[in-house]
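S.K.: Input structure-v6.tsv, format and content: TSV, C-alpha atoms.
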```
chain	number	residue	atom	x	y	z
Y	1	LEU	CA	27.39	-86.59	7.77
Y	2	GLU	CA	26.36	-87.53	11.31
Y	3	GLU	CA	30.00	-87.14	12.35
Y	4	LEU	CA	30.10	-83.75	10.67
Y	5	GLU	CA	26.95	-82.68	12.48
Y	6	ASP	CA	28.43	-83.83	15.82
Y	7	ALA	CA	31.66	-81.94	15.06
Y	8	LEU	CA	29.74	-78.75	14.28
Y	9	ILE	CA	27.71	-79.02	17.50
Y	10	ALA	CA	30.97	-79.65	19.42
Y	11	SER	CA	32.25	-76.38	17.90
Y	12	ASP	CA	29.32	-74.56	19.55
Y	13	PHE	CA	27.30	-74.13	16.37
Y	14	GLY	CA	24.12	-75.19	18.09
Y	15	PRO	CA	21.75	-77.88	16.83
Y	16	GLY	CA	19.73	-75.50	14.64
Y	17	ALA	CA	22.64	-74.14	12.61
Y	18	ALA	CA	24.38	-77.55	12.43
Y	19	LEU	CA	21.21	-79.25	11.19
Y	20	ALA	CA	20.54	-76.55	8.58
Y	21	LEU	CA	24.08	-76.83	7.20
Y	22	VAL	CA	24.15	-80.64	7.17
Y	23	ASP	CA	20.68	-80.97	5.62
Y	24	GLY	CA	21.73	-78.72	2.75
Y	25	LEU	CA	24.82	-80.86	2.16
Y	26	ARG	CA	22.83	-84.12	2.41
Y	27	ASP	CA	20.54	-83.01	-0.43
Y	28	ARG	CA	23.54	-82.23	-2.63
Y	29	ILE	CA	25.19	-85.59	-1.88
Y	30	LYS	CA	21.96	-87.36	-2.90
Y	31	ALA	CA	21.91	-85.32	-6.10
Y	32	GLY	CA	25.47	-86.51	-6.84
Y	33	GLU	CA	26.94	-82.99	-6.64
Y	34	ILE	CA	29.33	-83.87	-3.77
Y	35	LYS	CA	31.36	-87.04	-4.23
Y	36	ASP	CA	34.36	-86.96	-1.87
Y	37	PRO	CA	35.44	-85.56	1.53
Y	38	GLN	CA	37.38	-82.64	0.02
Y	39	ALA	CA	34.33	-81.54	-1.96
Y	40	LEU	CA	32.25	-81.91	1.19
Y	41	LYS	CA	34.59	-79.59	3.14
Y	42	ALA	CA	34.62	-77.05	0.33
Y	43	GLU	CA	30.81	-77.05	0.11
Y	44	LEU	CA	30.49	-76.78	3.90
Y	45	LYS	CA	32.71	-73.71	3.83
Y	46	LYS	CA	30.68	-72.23	0.98
Y	47	SER	CA	27.40	-72.87	2.85
Y	48	MET	CA	28.71	-71.25	6.04
Y	49	VAL	CA	30.01	-68.18	4.20
Y	50	SER	CA	26.69	-67.86	2.38
Y	51	LEU	CA	24.75	-68.13	5.65
Y	52	LEU	CA	26.88	-65.47	7.34
Y	53	GLU	CA	26.75	-63.09	4.39
Y	54	SER	CA	23.02	-63.52	3.85
Y	55	ALA	CA	22.24	-61.53	7.02
Y	56	SER	CA	23.19	-58.32	5.26
Y	57	VAL	CA	24.43	-57.16	1.89
Y	58	LYS	CA	26.86	-55.00	3.87
Y	59	SER	CA	28.21	-57.95	5.84
Y	60	GLY	CA	31.91	-58.23	5.15
Y	61	SER	CA	32.47	-54.53	4.60
Y	62	GLY	CA	32.04	-53.39	8.19
Y	63	GLU	CA	29.72	-50.63	7.06
Y	64	LEU	CA	27.57	-49.04	9.72
Y	65	ALA	CA	24.33	-47.20	9.09
Y	66	MET	CA	25.10	-43.48	9.16
Y	67	SER	CA	22.58	-40.70	9.69
Y	68	GLU	CA	22.08	-38.32	6.75
Y	69	SER	CA	22.50	-35.44	9.20
Y	70	ALA	CA	25.04	-35.38	12.03
Y	71	PRO	CA	25.32	-36.81	14.55
Y	72	THR	CA	25.06	-40.54	13.93
Y	73	ILE	CA	24.15	-42.16	17.26
Y	74	ILE	CA	25.38	-45.68	18.06
Y	75	LEU	CA	24.24	-47.67	21.11
Y	76	ILE	CA	26.52	-50.43	22.43
Y	77	VAL	CA	24.95	-53.18	24.59
Y	78	GLY	CA	25.88	-56.57	26.02
Y	79	VAL	CA	26.39	-58.63	29.15
Y	80	ASN	CA	29.04	-57.96	31.81
Y	81	GLY	CA	32.64	-58.50	30.75
Y	82	GLY	CA	31.98	-58.91	27.04
Y	83	GLY	CA	34.22	-56.03	25.98
Y	84	LYS	CA	31.71	-53.21	25.43
Y	85	THR	CA	33.87	-50.29	26.63
Y	86	THR	CA	36.89	-51.58	24.71
Y	87	THR	CA	34.69	-51.84	21.62
Y	88	VAL	CA	33.51	-48.26	22.13
Y	89	GLY	CA	37.15	-47.13	22.26
Y	90	LYS	CA	38.10	-49.08	19.13
Y	91	LEU	CA	35.10	-47.73	17.22
Y	92	SER	CA	36.06	-44.23	18.34
Y	93	ASN	CA	39.53	-44.78	16.92
Y	94	ARG	CA	38.09	-46.07	13.66
Y	95	PHE	CA	35.80	-43.06	13.18
Y	96	SER	CA	38.47	-40.55	14.24
Y	97	LYS	CA	40.88	-41.97	11.64
Y	98	GLN	CA	38.17	-41.45	9.02
Y	99	GLY	CA	38.02	-37.77	9.95
Y	100	TYR	CA	34.88	-37.78	12.09
Y	101	GLN	CA	34.49	-35.76	15.31
Y	102	VAL	CA	33.56	-38.33	17.95
Y	103	MET	CA	31.78	-37.94	21.29
Y	104	LEU	CA	31.53	-40.80	23.80
Y	105	ALA	CA	28.72	-41.22	26.34
Y	106	ALA	CA	29.57	-42.98	29.60
Y	107	GLY	CA	26.22	-44.70	30.10
Y	108	ASP	CA	27.69	-47.33	32.41
Y	109	THR	CA	26.77	-45.70	35.72
Y	110	PHE	CA	27.13	-48.89	37.78
Y	111	ARG	CA	30.71	-50.00	37.28
Y	112	ALA	CA	33.36	-48.18	39.29
Y	113	ALA	CA	35.68	-46.06	37.13
Y	114	ALA	CA	33.74	-46.83	33.93
Y	115	LYS	CA	33.68	-43.13	33.00
Y	116	GLU	CA	37.40	-42.81	33.72
Y	117	GLN	CA	38.12	-45.81	31.49
Y	118	LEU	CA	36.15	-44.17	28.69
Y	119	GLU	CA	38.10	-40.92	29.19
Y	120	VAL	CA	41.36	-42.84	28.66
Y	121	TRP	CA	39.97	-44.19	25.39
Y	122	ALA	CA	38.85	-40.68	24.40
Y	123	ASP	CA	42.38	-39.32	25.02
Y	124	ARG	CA	43.89	-42.13	22.94
Y	125	THR	CA	41.50	-41.69	20.02
Y	126	GLY	CA	40.97	-37.93	19.84
Y	127	ALA	CA	37.37	-38.06	21.07
Y	128	VAL	CA	35.58	-36.22	23.88
Y	129	VAL	CA	33.45	-37.67	26.67
Y	130	ALA	CA	30.09	-35.98	27.19
Y	131	GLU	CA	29.67	-34.23	30.53
Y	132	TYR	CA	27.42	-35.89	33.06
Y	133	PRO	CA	24.10	-34.14	33.73
Y	134	ASP	CA	24.20	-31.76	36.69
Y	135	MET	CA	22.48	-33.91	39.31
Y	136	GLU	CA	23.45	-35.67	42.50
Y	137	LYS	CA	22.63	-39.23	41.39
Y	138	THR	CA	22.82	-40.04	37.71
Y	139	ASN	CA	21.05	-42.82	35.87
Y	140	PRO	CA	21.89	-44.16	32.39
Y	141	MET	CA	18.86	-42.53	30.73
Y	142	ASP	CA	19.83	-39.07	32.01
Y	143	VAL	CA	23.46	-39.58	30.97
Y	144	LEU	CA	22.57	-40.68	27.43
Y	145	GLY	CA	19.89	-38.01	27.09
Y	146	ARG	CA	22.37	-35.30	28.10
Y	147	ALA	CA	25.03	-36.70	25.75
Y	148	ALA	CA	22.59	-36.71	22.83
Y	149	GLU	CA	21.63	-33.11	23.63
Y	150	LEU	CA	25.29	-32.05	23.62
Y	151	ALA	CA	26.08	-33.99	20.44
Y	152	ILE	CA	23.11	-32.52	18.57
Y	153	ASP	CA	24.10	-28.97	19.53
Y	154	GLU	CA	25.80	-27.57	16.43
Y	155	ALA	CA	28.43	-25.89	18.59
Y	156	SER	CA	29.89	-29.32	19.46
Y	157	ALA	CA	30.43	-30.19	15.76
Y	158	THR	CA	29.94	-33.85	16.69
Y	159	ASP	CA	29.66	-36.31	13.79
Y	160	VAL	CA	29.30	-39.54	15.77
Y	161	LEU	CA	28.04	-40.21	19.31
Y	162	ILE	CA	28.92	-43.67	20.66
Y	163	CYS	CA	27.01	-44.68	23.80
Y	164	ASP	CA	28.47	-47.14	26.28
Y	165	THR	CA	26.07	-48.93	28.66
Y	166	SER	CA	26.24	-51.05	31.80
Y	167	GLY	CA	26.55	-54.80	31.45
Y	168	ARG	CA	23.18	-56.49	31.40
Y	169	ILE	CA	22.42	-59.99	32.58
Y	170	HIS	CA	20.13	-60.96	29.72
Y	171	ASN	CA	17.68	-62.80	32.00
Y	172	ASN	CA	17.39	-59.94	34.52
Y	173	PHE	CA	14.17	-58.26	33.41
Y	174	GLN	CA	14.68	-55.10	35.46
Y	175	LEU	CA	18.03	-54.40	33.80
Y	176	MET	CA	16.66	-55.24	30.36
Y	177	ASP	CA	13.75	-52.84	30.91
Y	178	GLU	CA	16.31	-50.16	31.70
Y	179	ILE	CA	18.27	-50.72	28.48
Y	180	GLU	CA	14.97	-50.41	26.61
Y	181	LYS	CA	14.48	-47.01	28.29
Y	182	CYS	CA	18.02	-46.02	27.26
Y	183	LYS	CA	17.17	-46.75	23.64
Y	184	ASP	CA	13.87	-44.86	23.94
Y	185	THR	CA	15.74	-41.85	25.34
Y	186	LEU	CA	18.02	-41.75	22.30
Y	187	ALA	CA	15.06	-42.25	19.96
Y	188	GLU	CA	13.35	-39.22	21.49
Y	189	SER	CA	16.47	-37.09	21.04
Y	190	LYS	CA	16.70	-37.50	17.26
Y	191	ALA	CA	14.63	-39.09	14.51
Y	192	GLY	CA	16.00	-42.49	13.56
Y	193	ALA	CA	18.27	-42.75	16.60
Y	194	PRO	CA	20.00	-44.89	17.57
Y	195	HIS	CA	21.15	-45.47	14.00
Y	196	GLU	CA	22.91	-48.66	15.06
Y	197	THR	CA	22.31	-50.84	18.12
Y	198	LEU	CA	25.31	-53.14	18.37
Y	199	LEU	CA	25.39	-56.21	20.61
Y	200	VAL	CA	28.87	-57.14	21.84
Y	201	LEU	CA	29.29	-60.92	22.16
Y	202	ASP	CA	32.24	-62.63	23.86
Y	203	SER	CA	33.40	-65.42	21.53
Y	204	THR	CA	34.38	-67.58	24.54
Y	205	THR	CA	30.79	-67.84	25.87
Y	206	GLY	CA	29.76	-70.66	23.55
Y	207	LEU	CA	26.10	-71.47	23.02
Y	208	ASN	CA	24.96	-69.04	25.71
Y	209	MET	CA	25.51	-66.22	23.19
Y	210	LEU	CA	22.38	-67.33	21.32
Y	211	ASN	CA	20.28	-66.85	24.47
Y	212	GLN	CA	21.87	-63.44	25.01
Y	213	ALA	CA	21.21	-62.36	21.44
Y	214	ARG	CA	17.58	-63.55	21.55
Y	215	GLU	CA	16.84	-61.57	24.71
Y	216	PHE	CA	18.55	-58.36	23.64
Y	217	ASN	CA	16.96	-58.55	20.20
Y	218	ASP	CA	13.50	-59.11	21.69
Y	219	TYR	CA	13.88	-56.12	24.00
Y	220	ILE	CA	15.53	-53.50	21.83
Y	221	GLY	CA	16.08	-54.81	18.30
Y	222	ILE	CA	19.76	-55.42	17.50
Y	223	THR	CA	21.08	-54.14	14.16
Y	224	GLY	CA	24.57	-55.67	14.25
Y	225	LEU	CA	26.93	-57.90	16.21
Y	226	VAL	CA	30.49	-57.32	17.39
Y	227	LEU	CA	32.32	-60.55	18.24
Y	228	THR	CA	35.14	-60.01	20.74
Y	229	LYS	CA	38.06	-61.98	22.21
Y	230	LEU	CA	38.94	-63.88	19.03
Y	231	ASP	CA	42.65	-63.56	19.82
Y	232	GLY	CA	42.79	-66.79	21.82
Y	233	THR	CA	41.63	-70.32	21.13
Y	234	ALA	CA	37.98	-69.30	20.79
Y	235	ARG	CA	36.66	-69.53	17.25
Y	236	GLY	CA	33.19	-68.08	17.92
Y	237	GLY	CA	31.31	-70.85	16.10
Y	238	ALA	CA	28.18	-70.20	18.17
Y	239	VAL	CA	27.67	-66.88	16.39
Y	240	VAL	CA	26.76	-68.84	13.24
Y	241	GLY	CA	23.65	-70.01	15.12
Y	242	VAL	CA	22.86	-66.43	16.11
Y	243	VAL	CA	23.05	-65.24	12.50
Y	244	GLN	CA	21.12	-68.27	11.25
Y	245	GLU	CA	18.25	-67.85	13.73
Y	246	LEU	CA	18.01	-64.06	14.06
Y	247	GLY	CA	19.38	-62.83	10.73
Y	248	ILE	CA	21.54	-60.16	12.41
Y	249	PRO	CA	24.79	-59.39	10.57
Y	250	ILE	CA	28.21	-59.47	12.23
Y	251	LYS	CA	29.75	-56.02	11.72
Y	252	PHE	CA	33.13	-56.33	13.43
Y	253	ILE	CA	35.40	-58.77	15.24
Y	254	GLY	CA	37.79	-57.92	18.07
Y	255	VAL	CA	41.10	-59.75	17.83
Y	256	GLY	CA	43.13	-58.15	20.64
Y	257	GLU	CA	43.33	-55.35	23.20
Y	258	GLY	CA	45.04	-52.80	20.95
Y	259	VAL	CA	43.25	-49.74	19.61
Y	260	GLU	CA	43.57	-51.07	16.04
Y	261	ASP	CA	42.34	-54.57	16.88
Y	262	LEU	CA	38.79	-54.16	15.60
Y	263	GLN	CA	38.40	-55.58	12.12
Y	264	PRO	CA	35.48	-55.39	9.69
Y	265	PHE	CA	33.88	-58.81	9.56
Y	266	ASN	CA	35.01	-60.98	6.67
Y	267	ALA	CA	32.89	-64.13	6.39
Y	268	GLU	CA	35.39	-66.17	4.41
Y	269	ALA	CA	38.33	-65.45	6.72
Y	270	PHE	CA	36.12	-66.13	9.75
Y	271	VAL	CA	34.99	-69.50	8.39
Y	272	ASP	CA	38.60	-70.39	7.57
Y	273	GLY	CA	39.39	-69.79	11.24
Y	274	ILE	CA	36.56	-72.01	12.41
Y	275	LEU	CA	37.33	-74.84	10.02
Y	276	SER	CA	41.13	-74.36	10.22
Y	277	PHE	CA	41.21	-74.07	6.47
Y	278	SER	CA	44.36	-72.69	4.97
Y	279	SER	CA	43.58	-69.34	3.38
```
For this file, write the structure as structure tokens.
M.R.:
Amino acid sequence: LEELEDALIASDFGPGAALALVDGLRDRIKAGEIKDPQALKAELKKSMVSLLESASVKSGSGELAMSESAPTIILIVGVNGGGKTTTVGKLSNRFSKQGYQVMLAAGDTFRAAAKEQLEVWADRTGAVVAEYPDMEKTNPMDVLGRAAELAIDEASATDVLICDTSGRIHNNFQLMDEIEKCKDTLAESKAGAPHETLLVLDSTTGLNMLNQAREFNDYIGITGLVLTKLDGTARGGAVVGVVQELGIPIKFIGVGEGVEDLQPFNAEAFVDGILSFSS
């Protein structure tokens, strides 16, 4: 069991999640319920799936909380380079295919050409990008406030507003204060908004993703996780620690750059990938 614990920690699970999983297995070995290595592997898989699914009854279906009255407003947050804008585009595609009218808000006012990148995604997915407010220097709060105003206007017939934001360094308090203001702006625009606040996590970042998730959750309350860049060697084991500590469900995983490469999270398939189980 010590070897198993070491292997889990080496897979970026983090000491907390590894210890919780191994302790549960240790009790069952003592009770005589697990008698050989194959049974141990099978029970480990079952424990991991149970942990990941326990965060939400909707975990595994990819369901997002939708507003009873249009528009549903979704806020996308995360650190630099995690894949936020790509995730916005893929979500836009997903909603458009389901028949929703989608508006995108280019709340990343820092990165050069961020709005243009979002416009490319809008063209590809049949969405529209909200106009910037009419002012010389824009800030994210004004951009998102204007987008919410446009989306709520019945003339726009918008069903879903997806809000992109600038990358935040999770330990930069000034930037984190600003993302809190962005969320407050959306909350003031419509009761219950944002209806989802999704944190995009890069699966290659290892244990640092737990620190990121803690900070973002403390500041603005995260309702779901999107795990990106699972198309390479990264298995994203560290996200198990995030779910175990914070109880936030994984909603989607990104497995490539293509517009269709955003999949609803499936705990069993994900654990198979981590453990290299054959399906």
S.K.: Could you make a table, as a tab-separated table, of the residues of segment 2-96 of chain Y that have an atom within 9 Å of an atom of segment 188-201 of chain Y, each with its nearest atom pair and distance in Å to one decimal, counting all atoms listed in the file, in chain and number order?
M.R.:
```
residue	atom	partner	partner_atom	distance
Y:Leu64	CA	Y:Glu196	CA	7.1
Y:Ala65	CA	Y:His195	CA	6.1
Y:Met66	CA	Y:His195	CA	6.6
Y:Ser67	CA	Y:His195	CA	6.6
Y:Thr72	CA	Y:His195	CA	6.3
Y:Ile73	CA	Y:Pro194	CA	5.0
Y:Ile74	CA	Y:Glu196	CA	4.9
Y:Leu75	CA	Y:Thr197	CA	4.8
Y:Ile76	CA	Y:Leu198	CA	5.0
Y:Val77	CA	Y:Leu199	CA	5.0
Y:Gly78	CA	Y:Val200	CA	5.2
Y:Val79	CA	Y:Val200	CA	7.9
Y:Gly82	CA	Y:Leu201	CA	5.9
Y:Gly83	CA	Y:Val200	CA	6.9
Y:Lys84	CA	Y:Val200	CA	6.0
Y:Thr87	CA	Y:Val200	CA	7.9
```
S.K.: With only C-alpha atoms as the counted atoms, please give the residues lying no more than 7 Å from Gln263 of chain Y, apart from itself and same-chain residues fewer than 5 positions off, as a PyMOL selection string.
M.R.: chain Y and resi 252-254
S.K.: Considering all atoms listed in the file, state which residue in the set Y:Val160, Y:Leu225, Y:Leu144, Y:Ala213 is at the smallest distance from Leu186 of chain Y.
M.R.: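 Closest candidate: Y:Leu144.
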S.K.: Closest to Asn93 of chain Y among Y:Lys45, Y:Arg146, Y:Arg214, Y:Arg124, using all atoms listed in the file?
M.R.: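 Closest candidate: Y:Arg124.
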S.K.: With all atoms listed in the file as the counted atoms, please give the residues lying no more than 12 Å from Glu245 of chain Y, apart from itself and same-chain residues fewer than 6 positions off, as a VMD selection string.
M.R.: chain Y and resid 13 to 18 20 51 to 52 54 to 55 210 to 211 213 to 214 217 238 to 239
S.K.: When you count all atoms listed in the file, which of these residues is closest to Asp231 of chain Y: Y:Glu178, Y:Asp164, Y:Glu257, Y:Glu63?
M.R.: Y:Glu257
S.K.: Fewer than 6 positions away in the same chain doesn't count, so skip those; otherwise give me all residues within 12 Å of Ala70 of chain Y, counting all atoms listed in the file, as a PyMOL selection string.
M.R.: chain Y and resi 100-103+148+151-154+156-161+190-193+195
S.K.: My list of candidates is Y:Ser11, Y:Phe110, Y:Val88, Y:Asp6. Which is closest to Gly273 of chain Y when distances are computed with all atoms listed in the file?
M.R.: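 Checking each candidate against Gly273 of chain Y, we get Y:Ser11 as the closest.
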S.K.: With all atoms listed in the file as the basis for distance, which of Y:Ser56, Y:Thr205, Y:Thr185, Y:Gln212 is at the shortest distance from Glu149 of chain Y?
M.R.: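 Of Y:Ser56, Y:Thr205, Y:Thr185, Y:Gln212, the one nearest Glu149 of chain Y is Y:Thr185, counting all atoms listed in the file.
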S.K.: Atom CA of Lys30 of chain Y to atom CA of Glu5 of chain Y: how many Å, to one decimal?
M.R.: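 Atom CA of Glu5 of chain Y lies at a distance of 16.8 Å from atom CA of Lys30 of chain Y.
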S.K.: Mind rebuilding segment 18-29 of chain Y with all heavy atoms and writing that out as a PDB file, in the frame of the given file?
M.R.:
```pdb
ATOM      1  N   ALA Y  18      23.716 -76.327  12.912  1.00  0.00           N
ATOM      2  CA  ALA Y  18      24.380 -77.550  12.430  1.00  0.00           C
ATOM      3  C   ALA Y  18      23.445 -78.354  11.531  1.00  0.00           C
ATOM      4  O   ALA Y  18      23.839 -78.815  10.458  1.00  0.00           O
ATOM      5  CB  ALA Y  18      24.837 -78.397  13.618  1.00  0.00           C
ATOM      6  N   LEU Y  19      22.191 -78.483  11.959  1.00  0.00           N
ATOM      7  CA  LEU Y  19      21.210 -79.250  11.190  1.00  0.00           C
ATOM      8  C   LEU Y  19      20.935 -78.594   9.835  1.00  0.00           C
ATOM      9  O   LEU Y  19      20.883 -79.262   8.804  1.00  0.00           O
ATOM     10  CB  LEU Y  19      19.903 -79.356  11.991  1.00  0.00           C
ATOM     11  CG  LEU Y  19      18.895 -80.400  11.534  1.00  0.00           C
ATOM     12  CD1 LEU Y  19      19.495 -81.794  11.619  1.00  0.00           C
ATOM     13  CD2 LEU Y  19      17.615 -80.310  12.364  1.00  0.00           C
ATOM     14  N   ALA Y  20      20.801 -77.274   9.835  1.00  0.00           N
ATOM     15  CA  ALA Y  20      20.540 -76.550   8.580  1.00  0.00           C
ATOM     16  C   ALA Y  20      21.678 -76.753   7.591  1.00  0.00           C
ATOM     17  O   ALA Y  20      21.451 -76.992   6.397  1.00  0.00           O
ATOM     18  CB  ALA Y  20      20.331 -75.065   8.864  1.00  0.00           C
ATOM     19  N   LEU Y  21      22.908 -76.665   8.082  1.00  0.00           N
ATOM     20  CA  LEU Y  21      24.080 -76.830   7.200  1.00  0.00           C
ATOM     21  C   LEU Y  21      24.182 -78.261   6.670  1.00  0.00           C
ATOM     22  O   LEU Y  21      24.388 -78.487   5.479  1.00  0.00           O
ATOM     23  CB  LEU Y  21      25.361 -76.456   7.953  1.00  0.00           C
ATOM     24  CG  LEU Y  21      25.577 -74.960   8.216  1.00  0.00           C
ATOM     25  CD1 LEU Y  21      26.663 -74.764   9.268  1.00  0.00           C
ATOM     26  CD2 LEU Y  21      25.942 -74.221   6.925  1.00  0.00           C
ATOM     27  N   VAL Y  22      24.002 -79.230   7.572  1.00  0.00           N
ATOM     28  CA  VAL Y  22      24.150 -80.640   7.170  1.00  0.00           C
ATOM     29  C   VAL Y  22      23.024 -81.065   6.241  1.00  0.00           C
ATOM     30  O   VAL Y  22      23.250 -81.799   5.268  1.00  0.00           O
ATOM     31  CB  VAL Y  22      24.234 -81.544   8.418  1.00  0.00           C
ATOM     32  CG1 VAL Y  22      24.138 -83.012   8.031  1.00  0.00           C
ATOM     33  CG2 VAL Y  22      25.530 -81.287   9.167  1.00  0.00           C
ATOM     34  N   ASP Y  23      21.806 -80.609   6.500  1.00  0.00           N
ATOM     35  CA  ASP Y  23      20.680 -80.970   5.620  1.00  0.00           C
ATOM     36  C   ASP Y  23      20.908 -80.484   4.198  1.00  0.00           C
ATOM     37  O   ASP Y  23      20.606 -81.184   3.225  1.00  0.00           O
ATOM     38  CB  ASP Y  23      19.368 -80.400   6.164  1.00  0.00           C
ATOM     39  CG  ASP Y  23      18.796 -81.243   7.285  1.00  0.00           C
ATOM     40  OD1 ASP Y  23      19.329 -82.345   7.521  1.00  0.00           O
ATOM     41  OD2 ASP Y  23      17.817 -80.802   7.923  1.00  0.00           O
ATOM     42  N   GLY Y  24      21.450 -79.276   4.076  1.00  0.00           N
ATOM     43  CA  GLY Y  24      21.730 -78.720   2.750  1.00  0.00           C
ATOM     44  C   GLY Y  24      22.766 -79.566   2.016  1.00  0.00           C
ATOM     45  O   GLY Y  24      22.640 -79.821   0.811  1.00  0.00           O
ATOM     46  N   LEU Y  25      23.777 -80.020   2.767  1.00  0.00           N
ATOM     47  CA  LEU Y  25      24.820 -80.860   2.160  1.00  0.00           C
ATOM     48  C   LEU Y  25      24.282 -82.245   1.800  1.00  0.00           C
ATOM     49  O   LEU Y  25      24.630 -82.808   0.766  1.00  0.00           O
ATOM     50  CB  LEU Y  25      26.003 -80.996   3.128  1.00  0.00           C
ATOM     51  CG  LEU Y  25      26.781 -79.708   3.421  1.00  0.00           C
ATOM     52  CD1 LEU Y  25      27.773 -79.947   4.548  1.00  0.00           C
ATOM     53  CD2 LEU Y  25      27.501 -79.206   2.173  1.00  0.00           C
ATOM     54  N   ARG Y  26      23.401 -82.780   2.648  1.00  0.00           N
ATOM     55  CA  ARG Y  26      22.830 -84.120   2.410  1.00  0.00           C
ATOM     56  C   ARG Y  26      22.079 -84.143   1.072  1.00  0.00           C
ATOM     57  O   ARG Y  26      22.206 -85.075   0.282  1.00  0.00           O
ATOM     58  CB  ARG Y  26      21.902 -84.496   3.559  1.00  0.00           C
ATOM     59  CG  ARG Y  26      21.340 -85.904   3.440  1.00  0.00           C
ATOM     60  CD  ARG Y  26      20.473 -86.269   4.631  1.00  0.00           C
ATOM     61  NE  ARG Y  26      21.271 -86.582   5.807  1.00  0.00           N
ATOM     62  CZ  ARG Y  26      21.244 -85.908   6.937  1.00  0.00           C
ATOM     63  NH1 ARG Y  26      20.486 -84.827   7.042  1.00  0.00           N
ATOM     64  NH2 ARG Y  26      21.979 -86.280   7.967  1.00  0.00           N
ATOM     65  N   ASP Y  27      21.297 -83.094   0.827  1.00  0.00           N
ATOM     66  CA  ASP Y  27      20.540 -83.010  -0.430  1.00  0.00           C
ATOM     67  C   ASP Y  27      21.480 -83.012  -1.639  1.00  0.00           C
ATOM     68  O   ASP Y  27      21.194 -83.634  -2.666  1.00  0.00           O
ATOM     69  CB  ASP Y  27      19.670 -81.750  -0.460  1.00  0.00           C
ATOM     70  CG  ASP Y  27      18.549 -81.809   0.576  1.00  0.00           C
ATOM     71  OD1 ASP Y  27      18.233 -82.926   1.031  1.00  0.00           O
ATOM     72  OD2 ASP Y  27      17.999 -80.739   0.923  1.00  0.00           O
ATOM     73  N   ARG Y  28      22.609 -82.350  -1.505  1.00  0.00           N
ATOM     74  CA  ARG Y  28      23.540 -82.230  -2.630  1.00  0.00           C
ATOM     75  C   ARG Y  28      24.327 -83.535  -2.837  1.00  0.00           C
ATOM     76  O   ARG Y  28      24.711 -83.857  -3.965  1.00  0.00           O
ATOM     77  CB  ARG Y  28      24.479 -81.053  -2.398  1.00  0.00           C
ATOM     78  CG  ARG Y  28      23.689 -79.740  -2.261  1.00  0.00           C
ATOM     79  CD  ARG Y  28      24.538 -78.533  -2.324  1.00  0.00           C
ATOM     80  NE  ARG Y  28      25.224 -78.444  -3.599  1.00  0.00           N
ATOM     81  CZ  ARG Y  28      26.200 -77.565  -3.842  1.00  0.00           C
ATOM     82  NH1 ARG Y  28      26.572 -76.724  -2.911  1.00  0.00           N
ATOM     83  NH2 ARG Y  28      26.783 -77.545  -5.019  1.00  0.00           N
ATOM     84  N   ILE Y  29      24.546 -84.266  -1.747  1.00  0.00           N
ATOM     85  CA  ILE Y  29      25.190 -85.590  -1.880  1.00  0.00           C
ATOM     86  C   ILE Y  29      24.252 -86.535  -2.626  1.00  0.00           C
ATOM     87  O   ILE Y  29      24.656 -87.259  -3.544  1.00  0.00           O
ATOM     88  CB  ILE Y  29      25.571 -86.158  -0.495  1.00  0.00           C
ATOM     89  CG1 ILE Y  29      26.722 -85.350   0.112  1.00  0.00           C
ATOM     90  CG2 ILE Y  29      25.956 -87.633  -0.594  1.00  0.00           C
ATOM     91  CD1 ILE Y  29      27.019 -85.689   1.559  1.00  0.00           C
TER      92      ILE Y  29
END
```
